[in-house]
Amino acid sequence: MQGVHRSPAPSRAAGSSLAAAAPAITSQVRPVLLVVDDDDGIREALHLILDDEYTVLDVNDGRTALAIVRAQHVDLMLLDILMPEVDGIEILHELRVLEPNLPVIMTTAVKTVLTAVTAMKLGAADYITKPFHEANLLAAVRLALEQRRPKPVAPSARVQPAHGTGLSLSRRVLLVEGDLGWRATLAVALERVGRVETAATLDEALNLVFRLRPTCVVLNVRRSSTDAARFLSALHAHLPACPVLVLSEDPHLQAMLAWESLNIHAVIRLPVDAGDVIGRITAVVCPYEDASRSWARLSVAVSRTIDYLSVHFGKELSVGDLARAAGISDSHLAHLFRAETGLTVRDYLTRVRVEITRDLLAHTDENLAEIAAFVGFFDASHLSRVFRQTTGKRPSVYRGSCSS
C-alpha cells in the first residue's frame, strides 16, 4: 500500500501502515481531509493550501484511498478524476457503496459536461478544475463540510448483496459474446463476486457499458479480430480504467491488440476451462480482498461440471450424470459444488436455465413452449413458474421490458 501523508509533519516522506497511522489521526480535532491524486506536485500544493486548517492525508491512487476510508475516519475526500488504472469516477461509484454520506470534491485538469454530470449524479459535493484558486478551493471545502449530515438512502439507491454473499455490487462484470451456455454458466457462477450482465453482440455490449459502467469486461471473440479491436477501442474511450480479458481462437489476435493502451490484462487462447476464466475474473475484480474473504478458485471437478452444463443444459441431467462427467462420485461432487459455488448442483442448473431463458426472451421471438423445450423445462407452465420465482417477473413482462 502507498504511504499516507499527515499534517502537520516535518517531512512528506511515505508514512507507516494504516494501523499505525490511525491513532495519530483520530486524536486530531481538526477535520480530516483525504487528497487522492497521482500527481505529486498537486498533492504538495493542496497540503500548502489546506494544512493550516485541516489534517490532510494524501495518496496517489484510488484503491489505497478506499482502504483508508475503511480503516479510519475521514471527513472529506478531494478526488482526482484522471488517474491511471482506476479513474476517479469509478472510485466515487465504489465509495458511494462504502460511505454514502462522505463529502467528495472532484478535481480535474479537464472539465467536461459528461464527467461533471456523472460526478454530481453519484453524489459529489462539488467539482473544481486545476490549477486551483485558493479561495475557491477553501470555500468549497468549508461548504461541503458544513453541509455534511446523515441522509437516508432511497430504496432505489440501496445496493443489495450478490446472491449468497455480502460482496459489494460495486463489482460489475460484463460478459460479451461467446456461446449462450458459456455466458449463462459463467454469469451464475460470478454472482458471488458481484453484479453480472451478459451481451450477445458487441453493439449490445456498448449500450450496456454506458449503463453498467463495468469494473471488468470479458470478451469472447466470435466475430472478426477487427470488430473486436473496434469494440475494445470504444470501451477504452469511455472507460479507460476498465480492465479487459479477451478470449479467442484467433492466434493472430494477441499480436493485433495494444495491451497497455487498451488496459487488456490477458488474451487467452480458447478452449479454456470455466475455472480458469472465473479465477482470472475474480483476481481482476477482487484484487484487494484478503485471503479469508476472497472467493476460492474452483476445483477441477467443479470446473468440469460447469463446462459440461454450458453445453448440455437442455438435457435431462442428474447429479450422477454430472459426477460421471467430472470424474468423481455423486456425493463428492454434491459437497464440492455447494462449497465452491454456494448453490446445489440442481439449483445451479435451474439458475443457468433461467439465465438462458432471459437471453432468449430478450433476443428472439421464440414462444415460451419452444424456449422451455430448448433449455430443459417440462413445459411452458413449468418455465413460467420457475422464471417468476427466480426473477420476480413473468416471462411476458420481462420480454416487454427488454423491448421497451
# chains A, B, ... in the order shown; residues from 1 in each chain; ligands from 1
$ residues_around --residues "range 296-311 of chain A" --least-positions-apart "3" --cutoff "6 Å" --atoms "only C-alpha atoms" --output "ChimeraX atom specification"
/A:181-182,185,274-275,279,326,337
$ residues_around --residues "Glu134 in chain A" --least-positions-apart "4" --cutoff "10 Å" --atoms "only C-alpha atoms" --output "JSON, numbers by chain"
{"A": [45, 46, 48, 49, 50, 138, 139, 140]}
$ select_by_dssp --residues "range 188-396 of chain A" --states "helix (DSSP H, G or I)" --output "ChimeraX atom specification"
/A:188-192,202-212,225-238,253-256,259-262,274-285,300-312,319-326,330-341,345-363,368-375,380-391,395-396
$ residues_around --residues "Val217 in chain A" --least-positions-apart "3" --cutoff "8 Å" --atoms "only C-alpha atoms" --output "JSON, numbers by chain"
{"A": [173, 174, 175, 176, 214, 242, 243, 244, 245]}
$ closest_residue --among "A:Leu212, A:Ile89, A:Ala234, A:Leu180" --to "Thr357 in chain A" --atoms "only C-alpha atoms"
A:Leu180
$ closest_residue --among "A:Asn220, A:Thr108, A:Asn101, A:Ser233" --to "Pro271 in chain A" --atoms "only C-alpha atoms"
A:Asn220
$ atom_distance --atom1 "CA of Arg351 in chain A" --atom2 "CA of Ile278 in chain A"
17.2 Å
$ residues_around --residues "Arg211 in chain A" --least-positions-apart "5" --cutoff "12 Å" --atoms "only C-alpha atoms" --output "PyMOL selection string"
chain A and resi 118+172+174+197+204-206+238-239
$ atom_distance --atom1 "CA of Lys130 in chain A" --atom2 "CA of Val69 in chain A"
24.4 Å
$ select_by_dssp --residues "range 205-316 of chain A" --states "strand (DSSP E or B)" --output "count of residues only"
16
$ closest_residue --among "A:Gly194, A:Pro100, A:Pro31, A:Gly88" --to "Val141 in chain A" --atoms "only C-alpha atoms"
A:Pro31
